[in-house]
$ cat protein_7.cif   # mmCIF, C-alpha atoms
data_protein
#
loop_
_atom_site.label_atom_id
_atom_site.label_comp_id
_atom_site.auth_asym_id
_atom_site.auth_seq_id
_atom_site.Cartn_x
_atom_site.Cartn_y
_atom_site.Cartn_z
CA MET A 1 -51.12 -29.96 -14.73
CA GLU A 2 -50.37 -32.31 -11.85
CA SER A 3 -47.02 -31.78 -10.20
CA ASN A 4 -44.86 -33.67 -7.73
CA SER A 5 -43.01 -30.54 -6.63
CA PRO A 6 -41.96 -30.61 -2.96
CA ARG A 7 -43.97 -27.53 -2.03
CA SER A 8 -47.07 -28.96 -3.67
CA GLN A 9 -46.65 -32.14 -1.65
CA LEU A 10 -46.34 -30.08 1.52
CA LEU A 11 -49.78 -28.62 0.89
CA GLU A 12 -51.52 -31.83 -0.14
CA THR A 13 -50.17 -33.80 2.85
CA PRO A 14 -48.65 -32.90 6.22
CA PRO A 15 -44.92 -32.11 6.01
CA PRO A 16 -42.60 -35.06 6.65
CA ILE A 17 -41.03 -35.21 10.08
CA THR A 18 -37.38 -34.28 9.89
CA THR A 19 -34.74 -33.94 12.56
CA ALA A 20 -35.61 -30.25 12.79
CA THR A 21 -39.33 -30.70 13.30
CA ALA A 22 -39.55 -34.07 15.00
CA ALA A 23 -41.42 -34.26 18.27
CA THR A 24 -42.15 -37.03 20.72
CA ALA A 25 -45.89 -37.13 20.04
CA THR A 26 -48.40 -36.19 17.39
CA PRO A 27 -50.01 -32.83 18.28
CA LYS A 28 -53.68 -33.01 19.20
CA LYS A 29 -55.83 -31.47 16.48
CA LEU A 30 -58.24 -28.61 17.11
CA ALA A 31 -61.93 -29.47 17.10
CA LEU A 32 -64.76 -27.21 15.89
CA ILE A 33 -65.77 -25.45 19.14
CA PRO A 34 -62.24 -24.41 20.22
CA LEU A 35 -61.59 -23.19 16.67
CA VAL A 36 -64.81 -21.10 16.77
CA PHE A 37 -63.65 -19.30 19.90
CA LEU A 38 -60.10 -18.85 18.63
CA ILE A 39 -61.55 -17.12 15.54
CA PHE A 40 -63.83 -15.12 17.85
CA PHE A 41 -60.81 -13.86 19.77
CA GLU A 42 -58.82 -13.22 16.58
CA VAL A 43 -61.59 -10.87 15.48
CA SER A 44 -63.41 -9.59 18.52
CA GLY A 45 -63.13 -10.89 22.07
CA GLY A 46 -66.43 -9.30 23.05
CA PRO A 47 -67.90 -5.80 23.18
CA TYR A 48 -65.01 -4.23 25.09
CA GLY A 49 -63.77 -1.26 23.07
CA GLU A 50 -66.93 -0.71 21.02
CA GLU A 51 -68.00 2.15 23.30
CA SER A 52 -66.02 4.61 21.19
CA THR A 53 -68.39 4.14 18.24
CA VAL A 54 -71.22 5.63 20.33
CA GLY A 55 -68.99 8.45 21.51
CA ALA A 56 -67.81 9.14 17.96
CA ALA A 57 -71.12 9.08 16.07
CA GLY A 58 -74.00 8.41 18.46
CA PRO A 59 -76.02 5.27 19.25
CA LEU A 60 -77.88 5.07 15.94
CA TRP A 61 -74.73 5.09 13.84
CA ALA A 62 -73.04 2.69 16.27
CA ILE A 63 -75.86 0.15 15.96
CA LEU A 64 -76.04 0.61 12.18
CA GLY A 65 -72.28 0.20 11.95
CA PHE A 66 -72.29 -3.16 13.71
CA LEU A 67 -75.30 -4.27 11.65
CA ILE A 68 -74.08 -3.17 8.21
CA PHE A 69 -70.29 -3.23 8.43
CA PRO A 70 -70.11 -7.06 8.73
CA PHE A 71 -71.87 -7.35 5.35
CA ILE A 72 -69.46 -5.04 3.52
CA TRP A 73 -66.29 -6.10 5.30
CA SER A 74 -66.43 -9.10 7.65
CA ILE A 75 -68.52 -11.46 5.52
CA PRO A 76 -66.46 -10.98 2.30
CA GLU A 77 -63.23 -11.49 4.25
CA ALA A 78 -64.62 -14.58 5.99
CA LEU A 79 -65.90 -16.05 2.70
CA ILE A 80 -62.53 -15.56 1.03
CA THR A 81 -60.77 -17.11 4.03
CA ALA A 82 -63.14 -20.09 3.99
CA GLU A 83 -62.61 -20.80 0.27
CA LEU A 84 -58.85 -20.41 0.24
CA THR A 85 -58.27 -22.26 3.51
CA ALA A 86 -60.37 -25.18 2.27
CA ALA A 87 -58.49 -25.18 -1.05
CA PHE A 88 -55.01 -24.80 0.48
CA PRO A 89 -55.23 -26.35 3.99
CA GLY A 90 -51.80 -25.57 5.38
CA ASN A 91 -50.35 -23.41 8.15
CA GLY A 92 -48.84 -21.12 5.52
CA SER A 93 -52.36 -19.81 4.72
CA PHE A 94 -52.21 -16.36 3.07
CA VAL A 95 -48.50 -16.87 2.28
CA ILE A 96 -49.53 -19.86 0.18
CA TRP A 97 -52.31 -17.88 -1.51
CA ALA A 98 -50.09 -14.98 -2.59
CA ASP A 99 -47.25 -17.31 -3.56
CA GLN A 100 -49.54 -19.42 -5.72
CA ALA A 101 -51.11 -16.33 -7.32
CA PHE A 102 -48.11 -14.06 -7.92
CA GLY A 103 -44.93 -15.88 -6.90
CA PRO A 104 -42.67 -16.30 -3.87
CA PHE A 105 -41.70 -12.62 -3.54
CA TRP A 106 -45.31 -11.61 -2.92
CA GLY A 107 -45.89 -14.61 -0.68
CA SER A 108 -42.91 -13.61 1.45
CA LEU A 109 -43.91 -9.93 1.54
CA LEU A 110 -47.48 -10.77 2.57
CA GLY A 111 -46.07 -13.06 5.23
CA SER A 112 -43.91 -10.21 6.55
CA TRP A 113 -46.83 -7.77 6.60
CA LYS A 114 -49.09 -10.25 8.37
CA PHE A 115 -46.52 -11.30 10.94
CA LEU A 116 -45.57 -7.73 11.79
CA THR A 117 -49.26 -6.83 11.97
CA GLY A 118 -49.82 -9.72 14.34
CA VAL A 119 -46.95 -9.07 16.75
CA LEU A 120 -47.58 -5.32 16.84
CA ASN A 121 -51.23 -6.07 17.57
CA LEU A 122 -50.06 -8.53 20.21
CA ALA A 123 -48.07 -5.81 21.93
CA SER A 124 -51.21 -3.79 22.66
CA TYR A 125 -53.05 -6.45 24.66
CA PRO A 126 -51.02 -6.49 27.91
CA VAL A 127 -51.26 -2.67 27.91
CA LEU A 128 -55.05 -2.85 27.46
CA CYS A 129 -55.27 -5.38 30.29
CA MET A 130 -53.33 -3.05 32.57
CA ASP A 131 -55.74 -0.24 31.69
CA TYR A 132 -58.54 -2.31 33.22
CA LEU A 133 -56.55 -3.76 36.11
CA LYS A 134 -55.42 -0.34 37.29
CA LEU A 135 -59.07 0.57 37.89
CA VAL A 136 -59.16 -2.15 40.55
CA PHE A 137 -55.48 -2.00 41.57
CA PRO A 138 -54.22 1.60 41.16
CA VAL A 139 -50.65 0.50 41.94
CA PHE A 140 -50.38 -0.74 38.33
CA SER A 141 -51.14 2.69 36.87
CA THR A 142 -47.60 3.95 36.30
CA GLY A 143 -43.95 3.43 37.07
CA LEU A 144 -42.09 0.22 37.82
CA PRO A 145 -45.16 -1.79 38.96
CA HIS A 146 -46.82 -1.09 35.61
CA TYR A 147 -43.84 -2.24 33.56
CA VAL A 148 -43.25 -5.32 35.72
CA ALA A 149 -46.94 -6.26 35.48
CA VAL A 150 -46.86 -5.98 31.67
CA LEU A 151 -43.74 -8.19 31.58
CA VAL A 152 -45.16 -10.83 33.92
CA LEU A 153 -48.54 -10.91 32.16
CA THR A 154 -46.92 -11.26 28.72
CA LEU A 155 -44.68 -14.12 29.89
CA MET A 156 -47.58 -15.92 31.60
CA LEU A 157 -49.81 -15.72 28.53
CA SER A 158 -46.98 -16.81 26.23
CA PHE A 159 -46.25 -19.81 28.46
CA LEU A 160 -49.91 -20.84 28.24
CA ASN A 161 -49.54 -20.79 24.45
CA TYR A 162 -46.41 -22.93 24.79
CA THR A 163 -48.42 -25.68 26.51
CA GLY A 164 -50.27 -26.51 23.31
CA LEU A 165 -52.87 -25.29 20.85
CA ALA A 166 -55.53 -27.70 22.14
CA ILE A 167 -55.18 -26.22 25.64
CA VAL A 168 -55.25 -22.70 24.19
CA GLY A 169 -58.40 -23.58 22.22
CA TYR A 170 -60.37 -24.84 25.20
CA THR A 171 -59.05 -21.95 27.30
CA ALA A 172 -60.48 -19.63 24.62
CA VAL A 173 -63.89 -21.32 25.02
CA THR A 174 -63.82 -20.65 28.78
CA LEU A 175 -62.58 -17.09 28.40
CA GLY A 176 -65.20 -16.39 25.73
CA VAL A 177 -68.09 -17.59 27.88
CA VAL A 178 -66.88 -15.73 30.98
CA SER A 179 -66.00 -12.48 29.19
CA LEU A 180 -69.43 -12.32 27.51
CA SER A 181 -71.40 -13.34 30.63
CA PRO A 182 -71.71 -9.84 32.18
CA PHE A 183 -73.80 -8.80 29.17
CA VAL A 184 -76.37 -11.57 29.28
CA GLU A 185 -78.63 -9.70 31.45
CA LYS A 186 -79.14 14.61 21.86
CA GLY A 187 -75.86 14.24 19.94
CA VAL A 188 -72.43 15.83 19.90
CA GLN A 189 -70.14 16.48 16.93
CA LYS A 190 -69.35 13.29 15.03
CA ASP A 191 -65.81 11.96 14.72
CA TRP A 192 -65.99 9.78 11.60
CA THR A 193 -62.31 8.87 11.68
CA LEU A 194 -62.64 7.44 15.21
CA TYR A 195 -65.94 5.80 14.26
CA PHE A 196 -64.61 3.90 11.22
CA ASN A 197 -61.29 3.12 12.88
CA THR A 198 -63.12 1.56 15.84
CA LEU A 199 -65.39 -0.49 13.58
CA PHE A 200 -62.34 -1.63 11.61
CA TRP A 201 -60.42 -2.49 14.79
CA ASN A 202 -63.33 -4.55 16.16
CA LEU A 203 -64.28 -6.46 13.00
CA ASN A 204 -61.08 -7.42 11.17
CA PHE A 205 -58.49 -10.26 11.27
CA TRP A 206 -60.91 -12.94 9.99
CA ASP A 207 -58.07 -14.50 8.02
CA SER A 208 -55.62 -14.75 10.93
CA ALA A 209 -56.86 -18.13 12.16
CA SER A 210 -56.17 -19.61 8.71
CA THR A 211 -52.56 -20.10 9.84
CA LEU A 212 -53.88 -22.83 12.16
CA ALA A 213 -55.36 -24.92 9.33
CA GLY A 214 -52.66 -27.55 9.62
CA GLU A 215 -53.55 -28.06 13.28
CA VAL A 216 -57.30 -28.51 12.73
CA GLU A 217 -59.29 -31.72 12.35
CA ASP A 218 -60.45 -31.96 8.71
CA PRO A 219 -59.80 -28.26 7.93
CA ARG A 220 -61.55 -28.38 4.54
CA ARG A 221 -64.88 -28.98 6.29
CA THR A 222 -64.27 -27.53 9.73
CA PHE A 223 -63.02 -24.05 8.78
CA PRO A 224 -66.10 -22.84 6.84
CA LYS A 225 -68.35 -24.02 9.70
CA ALA A 226 -66.16 -22.37 12.33
CA LEU A 227 -66.05 -19.06 10.45
CA PHE A 228 -69.85 -19.01 10.15
CA ALA A 229 -70.36 -19.79 13.84
CA ALA A 230 -67.72 -17.28 14.95
CA GLY A 231 -69.41 -14.62 12.80
CA LEU A 232 -72.71 -15.14 14.62
CA VAL A 233 -71.06 -15.05 18.05
CA THR A 234 -69.12 -11.90 17.14
CA CYS A 235 -72.11 -9.96 15.82
CA LEU A 236 -74.32 -10.92 18.78
CA GLY A 237 -71.46 -10.16 21.16
CA TYR A 238 -71.38 -6.59 19.86
CA LEU A 239 -75.06 -5.86 19.24
CA VAL A 240 -76.70 -7.30 22.36
CA PRO A 241 -74.63 -5.29 24.89
CA LEU A 242 -74.83 -2.17 22.71
CA LEU A 243 -78.63 -2.33 22.41
CA ALA A 244 -79.06 -3.13 26.10
CA ALA A 245 -76.71 -0.37 27.30
CA THR A 246 -78.01 2.42 25.06
CA GLY A 247 -81.58 1.64 26.08
CA ALA A 248 -81.00 1.20 29.80
CA ILE A 249 -80.12 4.75 30.87
CA PRO A 250 -80.30 8.30 29.45
CA LEU A 251 -77.54 8.75 26.89
CA LYS A 252 -74.64 11.17 27.34
CA GLN A 253 -72.72 10.64 24.15
CA GLU A 254 -69.55 12.34 25.33
CA ASP A 255 -69.19 9.76 28.17
CA TRP A 256 -68.94 6.84 25.76
CA VAL A 257 -65.22 6.06 25.67
CA ASP A 258 -63.31 2.80 26.04
CA GLY A 259 -64.14 1.19 29.39
CA TYR A 260 -67.52 2.93 29.77
CA PHE A 261 -69.41 -0.39 29.88
CA ALA A 262 -67.97 -0.93 33.38
CA ASP A 263 -69.32 2.43 34.55
CA LEU A 264 -72.70 1.60 33.01
CA GLY A 265 -72.72 -1.70 34.86
CA GLU A 266 -72.30 0.12 38.17
CA MET A 267 -75.12 2.54 37.30
CA ILE A 268 -77.47 -0.28 36.32
CA ALA A 269 -76.78 -2.96 38.91
CA GLY A 270 -74.13 -1.76 41.35
CA LYS A 271 -70.44 -2.11 42.06
CA TRP A 272 -70.44 -5.89 41.64
CA LEU A 273 -71.38 -5.68 37.95
CA LYS A 274 -68.69 -3.05 37.31
CA ILE A 275 -66.05 -5.35 38.80
CA TRP A 276 -67.45 -8.32 36.85
CA ILE A 277 -67.24 -6.39 33.56
CA GLU A 278 -63.68 -5.27 34.36
CA ILE A 279 -62.70 -8.88 35.07
CA GLY A 280 -64.42 -9.92 31.84
CA ALA A 281 -62.44 -7.29 29.95
CA CYS A 282 -59.15 -8.60 31.35
CA LEU A 283 -60.07 -12.17 30.42
CA SER A 284 -61.09 -10.98 26.95
CA VAL A 285 -57.68 -9.38 26.47
CA ALA A 286 -56.03 -12.64 27.58
CA GLY A 287 -58.04 -14.50 24.94
CA LEU A 288 -57.11 -11.94 22.29
CA TYR A 289 -53.44 -12.38 23.15
CA GLU A 290 -53.58 -16.18 23.00
CA ALA A 291 -55.41 -16.26 19.67
CA GLN A 292 -53.13 -13.68 18.04
CA LEU A 293 -49.96 -15.32 19.35
CA SER A 294 -51.12 -18.70 18.01
CA SER A 295 -51.70 -17.14 14.59
CA CYS A 296 -48.22 -15.57 14.51
CA VAL A 297 -46.47 -18.71 15.72
CA TYR A 298 -48.12 -21.15 13.32
CA GLN A 299 -47.65 -18.73 10.44
CA LEU A 300 -43.89 -18.94 11.04
CA LEU A 301 -44.14 -22.73 11.25
CA GLY A 302 -46.05 -22.82 7.95
CA MET A 303 -43.50 -20.58 6.26
CA ALA A 304 -40.72 -22.86 7.49
CA ASP A 305 -42.58 -25.90 6.10
CA LEU A 306 -42.83 -24.16 2.73
CA GLY A 307 -39.17 -23.12 2.61
CA PHE A 308 -39.73 -19.38 3.17
CA LEU A 309 -37.92 -19.57 6.52
CA PRO A 310 -35.21 -21.88 7.92
CA VAL A 311 -36.43 -25.18 9.35
CA SER A 312 -35.47 -23.96 12.83
CA PHE A 313 -38.62 -21.82 12.80
CA GLY A 314 -40.61 -25.05 12.70
CA VAL A 315 -38.88 -26.73 15.63
CA ARG A 316 -41.42 -28.12 18.10
CA SER A 317 -41.02 -28.51 21.84
CA ARG A 318 -40.36 -32.06 23.06
CA TRP A 319 -42.71 -31.49 26.01
CA PHE A 320 -45.71 -29.83 24.37
CA ASN A 321 -45.03 -30.26 20.63
CA THR A 322 -45.46 -26.52 20.03
CA PRO A 323 -43.18 -24.34 17.85
CA TRP A 324 -41.24 -22.82 20.74
CA LEU A 325 -38.89 -20.64 18.68
CA GLY A 326 -41.83 -18.84 17.07
CA ILE A 327 -43.37 -18.28 20.50
CA LEU A 328 -40.08 -16.88 21.82
CA ILE A 329 -39.54 -14.52 18.86
CA SER A 330 -43.15 -13.27 18.89
CA THR A 331 -43.08 -12.70 22.65
CA ILE A 332 -39.83 -10.70 22.53
CA ILE A 333 -41.15 -8.45 19.74
CA ALA A 334 -44.49 -8.03 21.52
CA LEU A 335 -42.73 -7.07 24.76
CA ALA A 336 -40.67 -4.46 22.94
CA GLY A 337 -43.78 -3.06 21.28
CA SER A 338 -45.73 -2.91 24.55
CA TYR A 339 -43.38 -0.20 25.82
CA MET A 340 -43.79 1.96 22.69
CA ASP A 341 -46.37 4.60 21.76
CA PHE A 342 -49.73 2.75 21.81
CA ASP A 343 -51.56 4.98 19.30
CA ASN A 344 -48.85 4.68 16.66
CA ILE A 345 -48.74 0.90 17.18
CA ILE A 346 -52.47 0.58 16.48
CA SER A 347 -52.32 2.87 13.44
CA SER A 348 -49.31 1.03 12.00
CA VAL A 349 -51.10 -2.29 12.57
CA ASN A 350 -54.12 -1.02 10.63
CA PHE A 351 -51.96 0.36 7.81
CA LEU A 352 -50.00 -2.87 7.28
CA TYR A 353 -53.16 -4.91 7.65
CA CYS A 354 -54.83 -2.88 4.88
CA LEU A 355 -51.88 -3.42 2.53
CA GLY A 356 -51.96 -7.14 3.27
CA MET A 357 -55.71 -7.41 2.69
CA LEU A 358 -55.48 -5.63 -0.68
CA LEU A 359 -52.87 -8.18 -1.76
CA GLU A 360 -55.02 -10.98 -0.33
CA PHE A 361 -58.10 -9.87 -2.29
CA ALA A 362 -55.99 -9.67 -5.45
CA SER A 363 -54.62 -13.17 -4.80
CA PHE A 364 -58.12 -14.56 -4.32
CA LEU A 365 -59.40 -13.09 -7.59
CA TRP A 366 -56.34 -14.12 -9.57
CA LEU A 367 -56.47 -17.68 -8.24
CA ARG A 368 -60.09 -17.96 -9.42
CA ARG A 369 -58.89 -16.99 -12.91
CA LYS A 370 -55.58 -18.82 -12.86
CA LEU A 371 -56.73 -22.08 -11.24
CA PRO A 372 -60.47 -22.30 -11.88
CA ASN A 373 -60.68 -26.10 -11.59
CA ILE A 374 -58.68 -26.93 -8.48
CA LYS A 375 -60.58 -28.67 -5.70
CA ARG A 376 -62.46 -26.13 -3.60
CA PRO A 377 -64.49 -27.95 -0.90
CA PHE A 378 -66.04 -24.59 -0.07
CA ARG A 379 -66.60 -22.16 -2.92
CA VAL A 380 -68.03 -18.63 -2.73
CA PRO A 381 -71.15 -19.00 -4.92
CA MET A 382 -70.33 -16.27 -7.42
CA GLY A 383 -68.70 -15.93 -10.81
CA LEU A 384 -65.62 -13.79 -11.30
CA PRO A 385 -67.53 -10.53 -12.04
CA GLY A 386 -69.54 -10.91 -8.84
CA LEU A 387 -66.38 -11.64 -6.86
CA VAL A 388 -64.71 -8.52 -8.25
CA ILE A 389 -67.65 -6.42 -7.01
CA MET A 390 -67.59 -8.21 -3.64
CA CYS A 391 -63.90 -7.37 -3.23
CA LEU A 392 -64.12 -3.80 -4.58
CA ILE A 393 -66.41 -2.62 -1.78
CA PRO A 394 -64.12 -3.60 1.14
CA SER A 395 -61.09 -2.57 -0.94
CA GLY A 396 -62.54 0.94 -1.14
CA PHE A 397 -62.83 0.97 2.63
CA LEU A 398 -59.23 -0.23 2.96
CA VAL A 399 -58.07 2.67 0.81
CA TYR A 400 -60.11 5.04 2.99
CA VAL A 401 -58.43 3.70 6.14
CA ILE A 402 -54.99 4.06 4.55
CA VAL A 403 -55.57 7.58 3.26
CA MET A 404 -57.78 9.07 5.97
CA ALA A 405 -58.06 7.09 9.19
CA VAL A 406 -54.36 6.40 9.83
CA ALA A 407 -52.84 9.13 7.65
CA THR A 408 -49.96 10.54 9.68
CA THR A 409 -46.35 11.03 8.71
CA THR A 410 -45.19 8.79 11.56
CA VAL A 411 -47.44 5.91 10.50
CA TYR A 412 -46.40 6.19 6.85
CA LEU A 413 -42.73 6.26 7.84
CA VAL A 414 -42.99 3.29 10.21
CA SER A 415 -44.98 1.28 7.66
CA ALA A 416 -42.49 2.09 4.90
CA ILE A 417 -39.56 0.99 7.07
CA LEU A 418 -41.30 -2.26 8.05
CA THR A 419 -42.18 -2.96 4.40
CA LEU A 420 -38.57 -2.32 3.36
CA LEU A 421 -37.41 -4.73 6.07
CA GLY A 422 -39.79 -7.35 4.69
CA ILE A 423 -38.38 -6.92 1.17
CA LEU A 424 -34.79 -7.09 2.41
CA TRP A 425 -35.65 -10.18 4.44
CA TYR A 426 -36.85 -11.98 1.28
CA PHE A 427 -33.60 -11.32 -0.56
CA PHE A 428 -31.55 -12.16 2.54
CA ILE A 429 -33.30 -15.55 2.76
CA LYS A 430 -32.59 -16.17 -0.95
CA PHE A 431 -28.93 -15.35 -0.34
CA CYS A 432 -28.81 -17.72 2.65
CA LYS A 433 -30.31 -20.48 0.49
CA SER A 434 -27.75 -19.94 -2.26
CA LYS A 435 -24.89 -20.12 0.26
CA MET A 436 -26.52 -23.01 2.17
CA TRP A 437 -25.72 -21.30 5.47
CA VAL A 438 -28.80 -22.72 7.19
CA GLN A 439 -31.15 -25.61 6.46
CA PHE A 440 -34.39 -25.04 4.55
CA ASN A 441 -37.14 -27.42 3.56
CA ASN A 442 -36.78 -28.48 -0.07
CA ALA A 443 -39.78 -26.55 -1.38
CA GLU A 444 -38.29 -24.32 -4.06
CA ALA A 445 -40.69 -25.05 -6.90
CA GLN A 446 -43.82 -23.02 -7.47
CA LEU A 447 -47.09 -24.53 -6.31
CA GLU A 448 -48.86 -26.40 -9.07
CA TYR A 449 -52.27 -28.04 -8.90
CA GLN A 450 -54.18 -30.28 -11.19
CA ASP A 451 -56.21 -28.05 -13.49
#
$ encode --input "protein_7.cif" --output "structure tokens"
Amino acid sequence: MESNSPRSQLLETPPPITTATAATATPKKLALIPLVFLIFFEVSGGPYGEESTVGAAGPLWAILGFLIFPFIWSIPEALITAELTAAFPGNGSFVIWADQAFGPFWGSLLGSWKFLTGVLNLASYPVLCMDYLKLVFPVFSTGLPHYVAVLVLTLMLSFLNYTGLAIVGYTAVTLGVVSLSPFVEKGVQKDWTLYFNTLFWNLNFWDSASTLAGEVEDPRRTFPKALFAAGLVTCLGYLVPLLAATGAIPLKQEDWVDGYFADLGEMIAGKWLKIWIEIGACLSVAGLYEAQLSSCVYQLLGMADLGFLPVSFGVRSRWFNTPWLGILISTIIALAGSYMDFDNIISSVNFLYCLGMLLEFASFLWLRRKLPNIKRPFRVPMGLPGLVIMCLIPSGFLVYVIVMAVATTTVYLVSAILTLLGILWYFFIKFCKSKMWVQFNNAEAQLEYQD
């Protein structure tokens, strides 16, 4: 049935400019190449960090992991993202999908999980950058210089995001080329938990860039192409350095930990290559930060457009036409997280991400059944039984990560508290709407599409 509900109109056409979202100029849309590299940095950022797979399970399993894992995890997630983003091209992305499938409560909860996942993930990047910088500048290792450097780096990267998504996109292209450029030219006991956790860490978040759909030129056509291209760049960015490094020198599996590529570079070509790889790693982290921050910020903007958040979350800067309040909130939370326990942050990110992906898979399958005839410019070429099988395989891995890879009391407790906060937030927003304390976009009705 065709509907003229406000929220449906928000998805079919860009949201009307109100006093809360008005800006002095129309934001420049993202083209294909910048979008490819933003997706690349959402997911990967290059081979930095993949060394642990060799240390955990040896070179054969590391190579097999990066060859096979994309087919059972990355490709299904990318295909689902391509279909749903083309069908629902708005910044709300996965919030729209869950809302359309199961209702606003689940849309809001998925939005909370994804946002918290994003900002907690964001918090780790300045810390990772300092881990590389301290190898060149030991003064940043500990104490006040370390904390000041994390603060300054976070603020600098957030300001770059404030200058506009088009600038961030082309910056991602430059950072991607430079960070990958250094790689152009008997086993120990296996740690399967570390192995799978590292693969998962390096090959997820394919859906994060979907929050930028409203900022992309012709998203129905551009997004599937960008996901395909980013998938190729990501897989080559992992496999080529891994194959080259494991074949260049005798293997000592126990030496393969995060940052070992820089040491290998010095062994192979000298000090200059080690420094180049360390610089590439820092630039990669900067790209990861920019891409993840963009995803968080435009998710909040999309939720404000759809009435899940007050319109103030969609306010754009008069200078750069970017959603400055979302940037400010995300930066503050990321800064707070960067001074917390890093291991628990990563594990909590993975746990919440797994919960969100299970809900996302369920939304995808239910939308195929519930709305089989809506316009899907890109459609995964399978019937519903095939799609169920496609989703069951990565869902089994998600359950494994939840039960085995991140199974600690602290992670469960933190994740439960964050989930409870997300539920309370939904009911608090409903209460605010009923009392009309703050302004919301008039998008109360459920999404309805011509069937």
$ closest_residue --input "protein_7.cif" --among "A:Phe431, A:Ile417, A:Ser74, A:Leu371" --to "Trp201 of chain A" --atoms "all atoms listed in the file"
A:Ser74
$ resolve_selection --input "protein_7.cif" --expression "the PyMOL selection byres ((chain A and resi 248) around 12)" --output "PyMOL selection string"
chain A and resi 185+241-247+249-251+261+264-265+267-269
$ residues_near_point --input "protein_7.cif" --point "(-44.2, 5.4, 8.7)" --cutoff "12 Å" --atoms "all atoms listed in the file" --output "JSON, numbers by chain"
{"A": [344, 345, 347, 348, 349, 350, 351, 352, 402, 406, 407, 408, 409, 410, 411, 412, 413, 414, 415, 416, 417, 418, 419, 420]}
$ closest_residue --input "protein_7.cif" --among "A:Leu110, A:Leu309, A:Ala262, A:Val315" --to "Ser93 of chain A" --atoms "only C-alpha atoms"
A:Leu110
$ residues_around --input "protein_7.cif" --residues "Ala87 of chain A" --least-positions-apart "3" --cutoff "8 Å" --atoms "all atoms listed in the file" --output "PyMOL selection string"
chain A and resi 83-84+220+374-378
$ atom_distance --input "protein_7.cif" --atom1 "atom CA of Asp191 of chain A" --atom2 "atom CA of Phe66 of chain A"
16.5 Å
$ closest_residue --input "protein_7.cif" --among "A:Ile33, A:Ala213, A:Ala62, A:Leu194" --to "Phe88 of chain A" --atoms "all atoms listed in the file"
A:Ala213
$ closest_atom_pairs --input "protein_7.cif" --of "segment 124-210 of chain A" --to "segment 35-44 of chain A" --cutoff "12 Å" --atoms "only C-alpha atoms" --output "Markdown table"
| residue | atom | partner | partner_atom | distance |
| --- | --- | --- | --- | --- |
| A:Tyr125 | CA | A:Phe41 | CA | 11.8 |
| A:Leu165 | CA | A:Leu35 | CA | 9.9 |
| A:Ala166 | CA | A:Leu35 | CA | 9.3 |
| A:Ile167 | CA | A:Leu38 | CA | 11.3 |
| A:Val168 | CA | A:Leu38 | CA | 8.3 |
| A:Gly169 | CA | A:Leu38 | CA | 6.2 |
| A:Tyr170 | CA | A:Phe37 | CA | 8.3 |
| A:Thr171 | CA | A:Phe37 | CA | 9.1 |
| A:Ala172 | CA | A:Phe37 | CA | 5.7 |
| A:Val173 | CA | A:Phe37 | CA | 5.5 |
| A:Thr174 | CA | A:Phe37 | CA | 9.0 |
| A:Leu175 | CA | A:Phe37 | CA | 8.8 |
| A:Gly176 | CA | A:Phe37 | CA | 6.7 |
| A:Val177 | CA | A:Phe37 | CA | 9.3 |
| A:Ser179 | CA | A:Phe41 | CA | 10.8 |
| A:Leu180 | CA | A:Ser44 | CA | 11.2 |
| A:Thr198 | CA | A:Ser44 | CA | 11.5 |
| A:Leu199 | CA | A:Ser44 | CA | 10.5 |
| A:Phe200 | CA | A:Val43 | CA | 10.0 |
| A:Trp201 | CA | A:Val43 | CA | 8.5 |
| A:Asn202 | CA | A:Ser44 | CA | 5.6 |
| A:Leu203 | CA | A:Val43 | CA | 5.7 |
| A:Asn204 | CA | A:Val43 | CA | 5.5 |
| A:Phe205 | CA | A:Val43 | CA | 5.3 |
| A:Trp206 | CA | A:Val43 | CA | 5.9 |
| A:Asp207 | CA | A:Glu42 | CA | 8.7 |
| A:Ser208 | CA | A:Glu42 | CA | 6.7 |
| A:Ala209 | CA | A:Ile39 | CA | 5.9 |
| A:Ser210 | CA | A:Ile39 | CA | 9.0 |
$ closest_residue --input "protein_7.cif" --among "A:Lys271, A:Arg368, A:Lys190, A:Lys430" --to "Val54 of chain A" --atoms "all atoms listed in the file"
A:Lys190
$ residues_near_point --input "protein_7.cif" --point "(-43.0, -3.7, 24.2)" --cutoff "9 Å" --atoms "only C-alpha atoms" --output "list in words"
Leu120, Ala123, Ser124, Val150, Leu151, Ile332, Ile333, Ala334, Leu335, Ala336, Gly337, Ser338, Tyr339 and Met340 of chain A
$ closest_residue --input "protein_7.cif" --among "A:Ser294, A:Lys435, A:Met303, A:Tyr400" --to "Thr163 of chain A" --atoms "only C-alpha atoms"
A:Ser294
